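Data from my_file_15.pdb: PDB, C-alpha atoms (C1' of nucleotides)
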```pdb
ATOM      1  CA  MET A1365     -29.507   6.499  -3.566
ATOM      2  CA  PRO A1366     -29.678   4.266  -6.472
ATOM      3  CA  GLU A1367     -32.458   2.523  -8.247
ATOM      4  CA  LEU A1368     -32.917   2.899 -11.972
ATOM      5  CA  PRO A1369     -34.435   6.410 -11.936
ATOM      6  CA  GLU A1370     -31.683   7.742  -9.685
ATOM      7  CA  VAL A1371     -28.955   6.138 -11.746
ATOM      8  CA  GLU A1372     -30.522   7.542 -14.890
ATOM      9  CA  THR A1373     -30.638  10.973 -13.270
ATOM     10  CA  VAL A1374     -26.973  10.649 -12.353
ATOM     11  CA  ARG A1375     -26.183   9.591 -15.911
ATOM     12  CA  ARG A1376     -27.855  12.682 -17.293
ATOM     13  CA  GLY A1377     -26.008  14.839 -14.811
ATOM     14  CA  LEU A1378     -22.623  13.362 -15.638
ATOM     15  CA  ALA A1379     -23.010  13.153 -19.396
ATOM     16  CA  PRO A1380     -22.356  16.820 -20.189
ATOM     17  CA  ALA A1381     -19.113  16.707 -18.205
ATOM     18  CA  MET A1382     -17.922  13.336 -19.467
ATOM     19  CA  ALA A1383     -19.368  12.342 -22.836
ATOM     20  CA  GLY A1384     -17.014  13.138 -25.679
ATOM     21  CA  ARG A1385     -14.351  14.346 -23.238
ATOM     22  CA  ARG A1386     -10.912  13.035 -22.604
ATOM     23  CA  ILE A1387     -10.035  11.900 -19.101
ATOM     24  CA  LEU A1388      -7.022  13.964 -18.093
ATOM     25  CA  ALA A1389      -6.319  12.417 -14.702
ATOM     26  CA  VAL A1390      -7.766   9.900 -12.289
ATOM     27  CA  GLU A1391      -7.149   9.589  -8.606
ATOM     28  CA  ALA A1392      -8.262   6.492  -6.689
ATOM     29  CA  ARG A1393      -7.708   7.351  -3.066
ATOM     30  CA  ARG A1394      -7.947   3.854  -1.701
ATOM     31  CA  PRO A1395      -7.236   0.381  -3.107
ATOM     32  CA  ASP A1396     -10.831  -0.762  -3.133
ATOM     33  CA  LEU A1397     -14.473   0.066  -2.811
ATOM     34  CA  ARG A1398     -16.647  -3.001  -2.493
ATOM     35  CA  PHE A1399     -14.066  -4.753  -4.659
ATOM     36  CA  PRO A1400     -10.464  -3.845  -5.402
ATOM     37  CA  PHE A1401     -10.055  -1.428  -8.281
ATOM     38  CA  PRO A1402      -8.888  -3.133 -11.476
ATOM     39  CA  GLU A1403      -5.160  -3.420 -12.111
ATOM     40  CA  ARG A1404      -3.584  -0.124 -13.150
ATOM     41  CA  PHE A1405      -6.991   1.527 -12.894
ATOM     42  CA  ALA A1406      -5.850   5.116 -13.243
ATOM     43  CA  GLU A1407      -3.359   4.407 -16.032
ATOM     44  CA  ARG A1408      -5.911   2.579 -18.144
ATOM     45  CA  LEU A1409      -8.265   5.534 -17.897
ATOM     46  CA  THR A1410      -5.857   8.395 -18.256
ATOM     47  CA  GLY A1411      -5.914   9.854 -21.748
ATOM     48  CA  ALA A1412      -8.957   7.858 -22.794
ATOM     49  CA  ARG A1413     -11.869   9.607 -24.428
ATOM     50  CA  VAL A1414     -15.365   8.841 -23.143
ATOM     51  CA  ALA A1415     -17.437   8.057 -26.226
ATOM     52  CA  ALA A1416     -20.749   8.013 -24.360
ATOM     53  CA  LEU A1417     -22.203   7.546 -20.926
ATOM     54  CA  ASP A1418     -24.809   4.789 -20.865
ATOM     55  CA  ARG A1419     -26.864   2.978 -18.274
ATOM     56  CA  ARG A1420     -27.837  -0.657 -17.923
ATOM     57  CA  GLY A1421     -30.055  -1.458 -14.956
ATOM     58  CA  LYS A1422     -28.411   0.305 -12.033
ATOM     59  CA  TYR A1423     -25.001   0.423 -13.702
ATOM     60  CA  LEU A1424     -23.361   3.369 -15.414
ATOM     61  CA  ILE A1425     -21.181   2.518 -18.402
ATOM     62  CA  ALA A1426     -18.627   4.907 -19.838
ATOM     63  CA  GLY A1427     -17.486   3.513 -23.179
ATOM     64  CA  LEU A1428     -13.903   4.532 -23.929
ATOM     65  CA  ASP A1429     -11.930   4.868 -27.133
ATOM     66  CA  THR A1430      -9.415   2.390 -25.706
ATOM     67  CA  GLY A1431     -11.752  -0.545 -26.295
ATOM     68  CA  GLU A1432     -12.618  -0.756 -22.639
ATOM     69  CA  ALA A1433     -15.646   0.459 -20.735
ATOM     70  CA  LEU A1434     -15.643   1.938 -17.261
ATOM     71  CA  VAL A1435     -18.461   0.169 -15.418
ATOM     72  CA  MET A1436     -19.687   1.893 -12.271
ATOM     73  CA  HIS A1437     -22.193   0.950  -9.596
ATOM     74  CA  LEU A1438     -23.356   3.299  -6.848
ATOM     75  CA  GLY A1439     -24.135   0.613  -4.309
ATOM     76  CA  MET A1440     -26.317   2.022  -1.529
ATOM     77  CA  SER A1441     -24.664   5.327  -0.773
ATOM     78  CA  GLY A1442     -22.600   6.225  -3.823
ATOM     79  CA  ARG A1443     -22.991   9.640  -5.382
ATOM     80  CA  PHE A1444     -21.210  11.834  -7.863
ATOM     81  CA  THR A1445     -20.432  15.492  -7.587
ATOM     82  CA  VAL A1446     -19.690  17.521 -10.712
ATOM     83  CA  GLU A1447     -17.825  20.784 -10.542
ATOM     84  CA  THR A1448     -17.470  22.730 -13.722
ATOM     85  CA  GLY A1449     -14.996  25.456 -14.458
ATOM     86  CA  VAL A1450     -12.630  24.044 -11.874
ATOM     87  CA  ASN A1451      -9.808  26.044 -13.384
ATOM     88  CA  ALA A1452     -11.599  29.210 -12.368
ATOM     89  CA  LEU A1453     -11.953  28.097  -8.777
ATOM     90  CA  ARG A1454      -9.499  29.236  -6.177
ATOM     91  CA  PRO A1455      -8.488  27.207  -3.164
ATOM     92  CA  GLY A1456     -11.336  27.229  -0.694
ATOM     93  CA  ASP A1457     -13.953  27.714  -3.380
ATOM     94  CA  PHE A1458     -14.746  24.053  -3.467
ATOM     95  CA  VAL A1459     -18.496  23.641  -3.287
ATOM     96  CA  ARG A1460     -19.702  20.460  -1.685
ATOM     97  CA  ALA A1461     -23.168  18.999  -1.610
ATOM     98  CA  PRO A1462     -24.712  19.151   1.857
ATOM     99  CA  GLY A1463     -24.236  15.976   3.835
ATOM    100  CA  VAL A1464     -21.360  14.780   1.696
ATOM    101  CA  ASP A1465     -18.283  14.072   3.792
ATOM    102  CA  ALA A1466     -15.018  14.601   1.938
ATOM    103  CA  ARG A1467     -13.464  11.693   3.855
ATOM    104  CA  HIS A1468     -15.476   9.451   1.576
ATOM    105  CA  ASP A1469     -14.354  11.005  -1.699
ATOM    106  CA  HIS A1470     -12.806   7.871  -3.158
ATOM    107  CA  VAL A1471     -12.331   8.599  -6.854
ATOM    108  CA  VAL A1472     -11.728  11.888  -8.624
ATOM    109  CA  PHE A1473     -11.751  12.343 -12.409
ATOM    110  CA  ALA A1474     -10.376  15.418 -14.107
ATOM    111  CA  LEU A1475     -12.033  15.890 -17.477
ATOM    112  CA  GLU A1476     -11.074  17.741 -20.577
ATOM    113  CA  GLY A1477     -13.255  20.828 -20.592
ATOM    114  CA  GLY A1478     -12.556  21.703 -16.985
ATOM    115  CA  ALA A1479     -14.959  19.484 -15.059
ATOM    116  CA  ARG A1480     -13.998  17.575 -11.974
ATOM    117  CA  VAL A1481     -16.127  14.542 -11.165
ATOM    118  CA  THR A1482     -15.879  13.099  -7.662
ATOM    119  CA  PHE A1483     -17.279   9.777  -6.498
ATOM    120  CA  ASN A1484     -18.233   9.740  -2.820
ATOM    121  CA  ASP A1485     -19.455   6.583  -1.101
ATOM    122  CA  PRO A1486     -19.546   6.286   2.719
ATOM    123  CA  ARG A1487     -20.613   2.648   2.829
ATOM    124  CA  ARG A1488     -18.412   1.572  -0.067
ATOM    125  CA  PHE A1489     -20.942  -0.853  -1.507
ATOM    126  CA  GLY A1490     -20.322   0.777  -4.856
ATOM    127  CA  PHE A1491     -17.621  -0.359  -7.246
ATOM    128  CA  MET A1492     -15.846   0.413 -10.495
ATOM    129  CA  ASP A1493     -14.561  -2.010 -13.070
ATOM    130  CA  LEU A1494     -12.926  -1.954 -16.491
ATOM    131  CA  VAL A1495     -14.368  -4.355 -19.022
ATOM    132  CA  ALA A1496     -13.558  -4.981 -22.686
ATOM    133  CA  ILE A1497     -16.379  -3.471 -24.730
ATOM    134  CA  ALA A1498     -16.376  -6.485 -27.027
ATOM    135  CA  GLY A1499     -17.394  -8.705 -24.134
ATOM    136  CA  LEU A1500     -19.565  -6.255 -22.243
ATOM    137  CA  ASP A1501     -22.872  -8.114 -22.536
ATOM    138  CA  SER A1502     -21.314 -11.351 -21.374
ATOM    139  CA  CYS A1503     -19.244  -9.910 -18.535
ATOM    140  CA  ALA A1504     -20.035 -10.874 -14.963
ATOM    141  CA  HIS A1505     -22.029  -7.703 -14.344
ATOM    142  CA  PHE A1506     -24.461  -8.046 -17.220
ATOM    143  CA  ARG A1507     -24.623 -11.720 -18.099
ATOM    144  CA  GLY A1508     -28.111 -12.967 -17.340
ATOM    145  CA  MET A1509     -29.455  -9.518 -16.538
ATOM    146  CA  GLY A1510     -33.117  -9.087 -17.396
ATOM    147  CA  PRO A1511     -34.617  -6.598 -19.854
ATOM    148  CA  GLU A1512     -34.552  -2.849 -19.408
ATOM    149  CA  PRO A1513     -37.987  -2.068 -17.986
ATOM    150  CA  LEU A1514     -38.432   0.992 -20.197
ATOM    151  CA  SER A1515     -37.586  -0.874 -23.382
ATOM    152  CA  GLU A1516     -40.068  -2.449 -25.751
ATOM    153  CA  ALA A1517     -38.601  -5.838 -24.908
ATOM    154  CA  PHE A1518     -40.163  -5.532 -21.475
ATOM    155  CA  ASP A1519     -43.894  -6.075 -21.789
ATOM    156  CA  ALA A1520     -46.676  -8.092 -20.210
ATOM    157  CA  ALA A1521     -45.728 -11.269 -22.031
ATOM    158  CA  ALA A1522     -42.059 -11.038 -21.124
ATOM    159  CA  LEU A1523     -42.763 -10.320 -17.465
ATOM    160  CA  SER A1524     -45.374 -13.034 -17.271
ATOM    161  CA  ALA A1525     -42.947 -15.555 -18.705
ATOM    162  CA  ALA A1526     -40.239 -14.536 -16.265
ATOM    163  CA  LEU A1527     -42.569 -14.906 -13.275
ATOM    164  CA  ALA A1528     -44.228 -18.157 -14.316
ATOM    165  CA  GLY A1529     -43.284 -21.025 -12.066
ATOM    166  CA  LYS A1530     -41.418 -18.896  -9.513
ATOM    167  CA  ARG A1531     -42.143 -19.882  -5.947
ATOM    168  CA  ALA A1532     -40.644 -16.733  -4.460
ATOM    169  CA  PRO A1533     -42.884 -13.858  -3.360
ATOM    170  CA  ILE A1534     -43.464 -11.326  -6.129
ATOM    171  CA  LYS A1535     -41.511  -8.799  -4.056
ATOM    172  CA  ALA A1536     -38.377 -10.915  -4.207
ATOM    173  CA  ALA A1537     -38.923 -11.800  -7.864
ATOM    174  CA  LEU A1538     -39.099  -8.157  -8.938
ATOM    175  CA  LEU A1539     -35.950  -7.348  -6.968
ATOM    176  CA  ASP A1540     -34.169 -10.082  -8.917
ATOM    177  CA  GLN A1541     -32.191  -8.280 -11.612
ATOM    178  CA  LYS A1542     -32.473 -11.352 -13.831
ATOM    179  CA  VAL A1543     -36.242 -10.878 -14.030
ATOM    180  CA  VAL A1544     -36.104  -7.175 -14.831
ATOM    181  CA  ALA A1545     -33.173  -4.790 -14.513
ATOM    182  CA  GLY A1546     -33.091  -1.709 -12.344
ATOM    183  CA  LEU A1547     -35.874  -2.150  -9.826
ATOM    184  CA  GLY A1548     -35.065  -1.800  -6.140
ATOM    185  CA  ASN A1549     -36.923  -1.826  -2.867
ATOM    186  CA  ILE A1550     -38.766   1.456  -3.302
ATOM    187  CA  TYR A1551     -40.090   1.065  -6.822
ATOM    188  CA  VAL A1552     -41.072  -2.552  -6.319
ATOM    189  CA  CYS A1553     -43.204  -1.484  -3.352
ATOM    190  CA  GLU A1554     -44.704   1.343  -5.376
ATOM    191  CA  ALA A1555     -45.452  -0.766  -8.457
ATOM    192  CA  LEU A1556     -47.111  -3.458  -6.347
ATOM    193  CA  PHE A1557     -49.251  -0.855  -4.618
ATOM    194  CA  ARG A1558     -50.368   0.605  -7.929
ATOM    195  CA  THR A1559     -51.441  -2.799  -9.158
ATOM    196  CA  ARG A1560     -53.025  -3.828  -5.840
ATOM    197  CA  ILE A1561     -50.805  -6.873  -5.615
ATOM    198  CA  SER A1562     -49.546  -8.036  -2.234
ATOM    199  CA  PRO A1563     -45.760  -8.235  -1.970
ATOM    200  CA  ARG A1564     -46.293 -11.657  -0.378
ATOM    201  CA  ARG A1565     -48.179 -13.153  -3.297
ATOM    202  CA  LEU A1566     -46.193 -15.891  -4.988
ATOM    203  CA  ALA A1567     -44.651 -14.765  -8.235
ATOM    204  CA  ARG A1568     -46.068 -17.690 -10.184
ATOM    205  CA  SER A1569     -49.585 -16.589  -9.271
ATOM    206  CA  THR A1570     -48.967 -13.192 -10.862
ATOM    207  CA  ALA A1571     -48.162 -14.591 -14.284
ATOM    208  CA  GLY A1572     -50.915 -13.681 -16.703
ATOM    209  CA  ALA A1573     -53.430 -10.950 -15.827
ATOM    210  CA  ARG A1574     -51.489  -9.478 -12.903
ATOM    211  CA  ALA A1575     -48.253  -9.379 -14.861
ATOM    212  CA  ALA A1576     -50.182  -7.582 -17.583
ATOM    213  CA  ARG A1577     -51.010  -4.855 -15.064
ATOM    214  CA  LEU A1578     -47.549  -4.871 -13.499
ATOM    215  CA  ALA A1579     -45.478  -4.277 -16.619
ATOM    216  CA  PRO A1580     -47.087  -0.942 -17.517
ATOM    217  CA  ALA A1581     -47.198   0.098 -13.839
ATOM    218  CA  ILE A1582     -43.458  -0.492 -13.552
ATOM    219  CA  LYS A1583     -42.842   1.587 -16.663
ATOM    220  CA  ALA A1584     -45.085   4.349 -15.331
ATOM    221  CA  VAL A1585     -43.569   4.579 -11.868
ATOM    222  CA  LEU A1586     -40.026   4.614 -13.264
ATOM    223  CA  THR A1587     -40.883   7.170 -15.926
ATOM    224  CA  GLU A1588     -42.472   9.473 -13.375
ATOM    225  CA  ALA A1589     -39.512   9.127 -11.046
ATOM    226  CA  ILE A1590     -37.050   9.956 -13.802
ATOM    227  CA  ALA A1591     -39.109  13.015 -14.648
ATOM    228  CA  ALA A1592     -39.005  14.086 -10.992
ATOM    229  CA  GLY A1593     -35.258  13.467 -10.797
ATOM    230  CA  GLY A1594     -34.797  15.470 -13.927
ATOM    231  CA  ALA A1595     -36.389  18.412 -12.197
ATOM    232  CA  SER A1596     -33.448  18.611  -9.812
ATOM    233  CA  LEU A1597     -30.760  18.076 -12.419
ATOM    234  CA  LYS A1598     -29.708  21.700 -12.228
ATOM    235  CA  ASP A1599     -28.872  21.279  -8.561
ATOM    236  CA  PHE A1600     -26.967  18.151  -9.336
ATOM    237  CA  ALA A1601     -24.922  19.704 -12.120
ATOM    238  CA  SER A1602     -23.910  22.575  -9.901
ATOM    239  CA  ALA A1603     -22.941  20.147  -7.179
ATOM    240  CA  GLU A1604     -25.367  21.582  -4.714
ATOM    241  CA  GLY A1605     -27.775  19.325  -2.939
ATOM    242  CA  GLY A1606     -28.782  15.837  -3.762
ATOM    243  CA  LEU A1607     -31.002  14.564  -6.491
ATOM    244  CA  GLY A1608     -34.270  15.246  -4.781
ATOM    245  CA  TYR A1609     -34.723  11.597  -4.038
ATOM    246  CA  PHE A1610     -36.924  12.110  -1.034
ATOM    247  CA  GLN A1611     -38.776  14.954  -2.672
ATOM    248  CA  LEU A1612     -40.554  12.249  -4.596
ATOM    249  CA  ASP A1613     -43.922  11.456  -3.194
ATOM    250  CA  PHE A1614     -44.047   7.752  -2.581
ATOM    251  CA  ALA A1615     -47.499   6.260  -2.055
ATOM    252  CA  VAL A1616     -46.464   3.530   0.383
ATOM    253  CA  TYR A1617     -42.672   3.406   0.785
ATOM    254  CA  GLY A1618     -41.736   4.680   4.232
ATOM    255  CA  ARG A1619     -45.379   5.325   5.136
ATOM    256  CA  ASP A1620     -45.772   2.693   7.803
ATOM    257  CA  GLY A1621     -48.935   3.317   9.834
ATOM    258  CA  GLU A1622     -50.463   5.891   7.496
ATOM    259  CA  THR A1623     -53.855   5.557   5.915
ATOM    260  CA  CYS A1624     -53.851   3.999   2.457
ATOM    261  CA  PRO A1625     -53.825   6.775  -0.149
ATOM    262  CA  ARG A1626     -56.134   4.833  -2.446
ATOM    263  CA  LEU A1627     -59.449   6.668  -2.636
ATOM    264  CA  GLY A1628     -62.116   4.901  -0.631
ATOM    265  CA  CYS A1629     -59.849   2.159   0.648
ATOM    266  CA  GLY A1630     -59.370   3.277   4.236
ATOM    267  CA  GLY A1631     -56.770   0.585   4.918
ATOM    268  CA  ARG A1632     -53.512   1.130   6.721
ATOM    269  CA  ILE A1633     -49.998   0.890   5.333
ATOM    270  CA  ALA A1634     -48.001  -1.809   7.074
ATOM    271  CA  ARG A1635     -44.278  -2.401   7.147
ATOM    272  CA  PHE A1636     -43.028  -5.963   7.218
ATOM    273  CA  VAL A1637     -39.803  -7.745   6.431
ATOM    274  CA  GLN A1638     -39.306 -10.003   3.435
ATOM    275  CA  SER A1639     -35.961 -11.647   2.803
ATOM    276  CA  GLY A1640     -34.412  -9.198   5.225
ATOM    277  CA  ARG A1641     -35.782  -6.041   3.647
ATOM    278  CA  SER A1642     -38.693  -3.761   4.456
ATOM    279  CA  SER A1643     -41.862  -4.044   2.442
ATOM    280  CA  PHE A1644     -44.615  -1.454   2.622
ATOM    281  CA  ALA A1645     -48.129  -2.324   1.543
ATOM    282  CA  CYS A1646     -51.792  -1.817   2.283
ATOM    283  CA  GLY A1647     -53.238  -4.990   3.772
ATOM    284  CA  ARG A1648     -56.713  -4.149   2.576
ATOM    285  CA  CYS A1649     -56.446  -3.310  -1.116
ATOM    286  CA  GLN A1650     -53.318  -5.265  -2.041
ATOM    287  CA  ARG A1651     -54.013  -8.949  -2.482
TER     288      ARG A1651
ATOM    289  C1'  DA B  52     -31.536 -25.106  -8.800
ATOM    290  C1'  DG B  53     -33.846 -21.673  -6.580
ATOM    291  C1'  DG B  54     -34.476 -19.077  -2.698
ATOM    292  C1'  DG B  55     -33.526 -17.275   2.134
ATOM    293  C1'  DG B  56     -30.272 -15.266   5.260
ATOM    294  C1'  DG B  57     -26.070 -13.250   6.433
ATOM    295  C1'  DA B  58     -22.095 -10.377   5.175
ATOM    296  C1'  DC B  59     -20.139  -6.352   3.457
ATOM    297  C1'  DC B  60     -19.645  -0.841   5.461
ATOM    298  C1'  DT B  61     -20.816   3.745   7.607
ATOM    299  C1'  DG B  62     -24.139   7.011   9.132
ATOM    300  C1'  DT B  63     -28.372   8.417  11.345
ATOM    301  C1'  DG B  64     -32.156   8.503  14.330
ATOM    302  C1'  DC B  65     -34.525   6.702  18.066
ATOM    303  C1'  DG B  66     -35.455   5.075  22.902
ATOM    304  C1'  DC B  67     -33.603   4.772  27.371
TER     305       DC B  67
ATOM    306  C1'  DT C1455     -25.212  14.047  26.503
ATOM    307  C1'  DG C1456     -24.190   9.242  25.785
ATOM    308  C1'  DC C1457     -24.951   4.423  24.478
ATOM    309  C1'  DG C1458     -26.873   0.725  22.073
ATOM    310  C1'  DC C1459     -29.785  -0.843  18.680
ATOM    311  C1'  DA C1460     -32.388  -0.847  14.421
ATOM    312  C1'  DC C1461     -32.362   0.520   9.997
ATOM    313  C1'  DA C1462     -30.925   2.403   5.174
ATOM    314  C1'  DG C1463     -31.862   2.908  -2.004
ATOM    315  C1'  DG C1464     -27.674  -3.233  -3.399
ATOM    316  C1'  DT C1465     -25.361  -7.282  -4.383
ATOM    317  C1'  DC C1466     -22.580 -11.468  -3.489
ATOM    318  C1'  DC C1467     -21.854 -15.845  -1.298
ATOM    319  C1'  DC C1468     -23.062 -19.767   1.266
ATOM    320  C1'  DC C1469     -26.139 -23.174   2.666
ATOM    321  C1'  DC C1470     -30.595 -25.624   2.645
TER     322       DC C1470
END
```

Rendering of file as structure tokens:
Amino acid sequence: MPELPEVETVRRGLAPAMAGRRILAVEARRPDLRFPFPERFAERLTGARVAALDRRGKYLIAGLDTGEALVMHLGMSGRFTVETGVNALRPGDFVRAPGVDARHDHVVFALEGGARVTFNDPRRFGFMDLVAIAGLDSCAHFRGMGPEPLSEAFDAAALSAALAGKRAPIKAALLDQKVVAGLGNIYVCEALFRTRISPRRLARSTAGARAARLAPAIKAVLTEAIAAGGASLKDFASAEGGLGYFQLDFAVYGRDGETCPRLGCGGRIARFVQSGRSSFACGRCQR
DNA sequence: AGGGGGACCTGTGCGC
DNA sequence: TGCGCACAGGTCCCCC
């Protein structure tokens, strides 16, 4: 479920249970997710205090007082469940989010303060890693990663410079985490719709005026999505239901065949495949 | 060197 | 009801 807004929503849901707390126990129920867990994964985490829970792009970063950071990625299907007051629960009281199959509970953290945090990931495209905080920015996960789209560093000039000269379609360029961090298939489609740019347009032809429209549109669509995710945080914290991902009203994503929502356009939303992934766009108003 | 396509997994929904 | 196929929010690796 994870593009930047979803990961940020997860971060906000996990922070109260994890930030400032000591990790009392860790259980990794299999040797790997997408990648093998780091050596002595559980031992290196046990007893460590989580200083803060941060996010970079689609990654969650739990900085520890051991000098290491727990780096987590949700992949396509990763999700966390938080149960608070576990000590008060009796056997059988376990509350599970609908649609979450316990067979795919791969990592369980017991936190000081009584919370139990469970990572569930059916497809196992997610992963966890332990990285020295001193070398975090230059580690394999973050080296070369583009700016945070909601930071001041990401503006029209920065985006324009990153797109200049690129022969790839703008769709592919915006999915490239080196151009800007955190965008995925949904929000790229949505940002391109808002700016009336065709996903097929070559990135280099969007440098300049179109990039100047894109940068603020990307910030807006992400900000709105985070606000919508935040609305369902209560559900998340109580481990009931998902994050309201599909409660969000996307203008074009998943709306193949529908009439373009742009007032007065009258075009039709088409689905087509670019570099193996679905794009959704209006053929009339997006150029 | 940059970019496209396949691989990695499991689950779900659809048409037949 | 059952089967096969297409498809799903991401990233890495290989090959051109």

For chain A versus chain C, which residues have an atom no more than 8 Å away, and what is each residue's nearest atom pair and distance in Å rounded to one decimal, using only C-alpha atoms (C1' of nucleotides), chain-then-number order, as CSV?
```
residue,atom,partner,partner_atom,distance
A:Met1365,CA,C:DG1463,C1',4.6
A:Pro1366,CA,C:DG1463,C1',5.2
A:Glu1367,CA,C:DG1463,C1',6.3
A:Gly1439,CA,C:DG1464,C1',5.3
A:Met1440,CA,C:DG1463,C1',5.6
A:Ser1441,CA,C:DG1463,C1',7.7
A:Phe1489,CA,C:DG1464,C1',7.4
A:Gly1548,CA,C:DG1463,C1',7.0
A:Asn1549,CA,C:DG1463,C1',7.0
A:Ile1550,CA,C:DG1463,C1',7.2
```

Hey, can you check how far atom CA of Gly1572 of chain A sits from atom CA of Gly1647 of chain A? 22.4 Å

Kindly provide the residues of chain A that approach chain B to within 10 Å, each paired with its closest atom pair and their distance in Å to one decimal, based on all atoms listed in the file, listed by chain and increasing number, as JSON lines.
```
{"residue": "A:Leu1397", "atom": "CA", "partner": "B:DC60", "partner_atom": "C1'", "distance": 9.8}
{"residue": "A:Arg1398", "atom": "CA", "partner": "B:DC59", "partner_atom": "C1'", "distance": 7.7}
{"residue": "A:Ser1441", "atom": "CA", "partner": "B:DT61", "partner_atom": "C1'", "distance": 9.4}
{"residue": "A:His1468", "atom": "CA", "partner": "B:DT61", "partner_atom": "C1'", "distance": 9.9}
{"residue": "A:Asp1485", "atom": "CA", "partner": "B:DT61", "partner_atom": "C1'", "distance": 9.3}
{"residue": "A:Pro1486", "atom": "CA", "partner": "B:DT61", "partner_atom": "C1'", "distance": 5.7}
{"residue": "A:Arg1487", "atom": "CA", "partner": "B:DC60", "partner_atom": "C1'", "distance": 4.5}
{"residue": "A:Arg1488", "atom": "CA", "partner": "B:DC60", "partner_atom": "C1'", "distance": 6.2}
{"residue": "A:Phe1489", "atom": "CA", "partner": "B:DC60", "partner_atom": "C1'", "distance": 7.1}
{"residue": "A:Lys1530", "atom": "CA", "partner": "B:DG53", "partner_atom": "C1'", "distance": 8.6}
{"residue": "A:Arg1531", "atom": "CA", "partner": "B:DG54", "partner_atom": "C1'", "distance": 8.4}
{"residue": "A:Ala1532", "atom": "CA", "partner": "B:DG54", "partner_atom": "C1'", "distance": 6.8}
{"residue": "A:Pro1533", "atom": "CA", "partner": "B:DG54", "partner_atom": "C1'", "distance": 9.9}
{"residue": "A:Ala1536", "atom": "CA", "partner": "B:DG54", "partner_atom": "C1'", "distance": 9.2}
{"residue": "A:Ala1537", "atom": "CA", "partner": "B:DG54", "partner_atom": "C1'", "distance": 10.0}
{"residue": "A:Gln1638", "atom": "CA", "partner": "B:DG55", "partner_atom": "C1'", "distance": 9.4}
{"residue": "A:Ser1639", "atom": "CA", "partner": "B:DG55", "partner_atom": "C1'", "distance": 6.2}
{"residue": "A:Gly1640", "atom": "CA", "partner": "B:DG56", "partner_atom": "C1'", "distance": 7.3}
```

Could you write those residues out with C-alpha atoms, as a PDB file, keeping the file's coordinate frame?
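Final output, saved to result38.pdb:
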```pdb
ATOM      1  CA  LEU A1397     -14.473   0.066  -2.811  1.00  0.00           C
ATOM      2  CA  ARG A1398     -16.647  -3.001  -2.493  1.00  0.00           C
ATOM      3  CA  SER A1441     -24.664   5.327  -0.773  1.00  0.00           C
ATOM      4  CA  HIS A1468     -15.476   9.451   1.576  1.00  0.00           C
ATOM      5  CA  ASP A1485     -19.455   6.583  -1.101  1.00  0.00           C
ATOM      6  CA  PRO A1486     -19.546   6.286   2.719  1.00  0.00           C
ATOM      7  CA  ARG A1487     -20.613   2.648   2.829  1.00  0.00           C
ATOM      8  CA  ARG A1488     -18.412   1.572  -0.067  1.00  0.00           C
ATOM      9  CA  PHE A1489     -20.942  -0.853  -1.507  1.00  0.00           C
ATOM     10  CA  LYS A1530     -41.418 -18.896  -9.513  1.00  0.00           C
ATOM     11  CA  ARG A1531     -42.143 -19.882  -5.947  1.00  0.00           C
ATOM     12  CA  ALA A1532     -40.644 -16.733  -4.460  1.00  0.00           C
ATOM     13  CA  PRO A1533     -42.884 -13.858  -3.360  1.00  0.00           C
ATOM     14  CA  ALA A1536     -38.377 -10.915  -4.207  1.00  0.00           C
ATOM     15  CA  ALA A1537     -38.923 -11.800  -7.864  1.00  0.00           C
ATOM     16  CA  GLN A1638     -39.306 -10.003   3.435  1.00  0.00           C
ATOM     17  CA  SER A1639     -35.961 -11.647   2.803  1.00  0.00           C
ATOM     18  CA  GLY A1640     -34.412  -9.198   5.225  1.00  0.00           C
TER      19      GLY A1640
END
```

Expansion of the PyMOL selection byres ((chain A and resi 1567) around 10) into residues, as a CSV table (one decimal) with C-alpha atoms, keeping the file's coordinate frame:
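Now in selection_7.csv:
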```csv
chain,number,residue,atom,x,y,z
A,1524,SER,CA,-45.4,-13.0,-17.3
A,1526,ALA,CA,-40.2,-14.5,-16.3
A,1527,LEU,CA,-42.6,-14.9,-13.3
A,1528,ALA,CA,-44.2,-18.2,-14.3
A,1529,GLY,CA,-43.3,-21.0,-12.1
A,1530,LYS,CA,-41.4,-18.9,-9.5
A,1531,ARG,CA,-42.1,-19.9,-5.9
A,1532,ALA,CA,-40.6,-16.7,-4.5
A,1533,PRO,CA,-42.9,-13.9,-3.4
A,1534,ILE,CA,-43.5,-11.3,-6.1
A,1535,LYS,CA,-41.5,-8.8,-4.1
A,1536,ALA,CA,-38.4,-10.9,-4.2
A,1537,ALA,CA,-38.9,-11.8,-7.9
A,1538,LEU,CA,-39.1,-8.2,-8.9
A,1563,PRO,CA,-45.8,-8.2,-2.0
A,1564,ARG,CA,-46.3,-11.7,-0.4
A,1565,ARG,CA,-48.2,-13.2,-3.3
A,1566,LEU,CA,-46.2,-15.9,-5.0
A,1568,ARG,CA,-46.1,-17.7,-10.2
A,1569,SER,CA,-49.6,-16.6,-9.3
A,1570,THR,CA,-49.0,-13.2,-10.9
A,1571,ALA,CA,-48.2,-14.6,-14.3
A,1574,ARG,CA,-51.5,-9.5,-12.9
A,1575,ALA,CA,-48.3,-9.4,-14.9
```

Just the number, please: distance in Å from atom CA of Arg1420 of chain A to atom CA of His1505 of chain A, one decimal. 9.8 Å

On this structure, the PyMOL selection byres ((chain A and resi 1478-1484) around 7) would catch which residues? List them as a PyMOL selection string, sorted by chain and number. chain A and resi 1381+1442-1451+1468-1477+1485-1486

Atomic separation - atom CA of Val1585 of chain A relative to atom CA of Gly1618 of chain A, Å: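 Going from atom CA of Gly1618 of chain A over to atom CA of Val1585 of chain A covers 16.2 Å.
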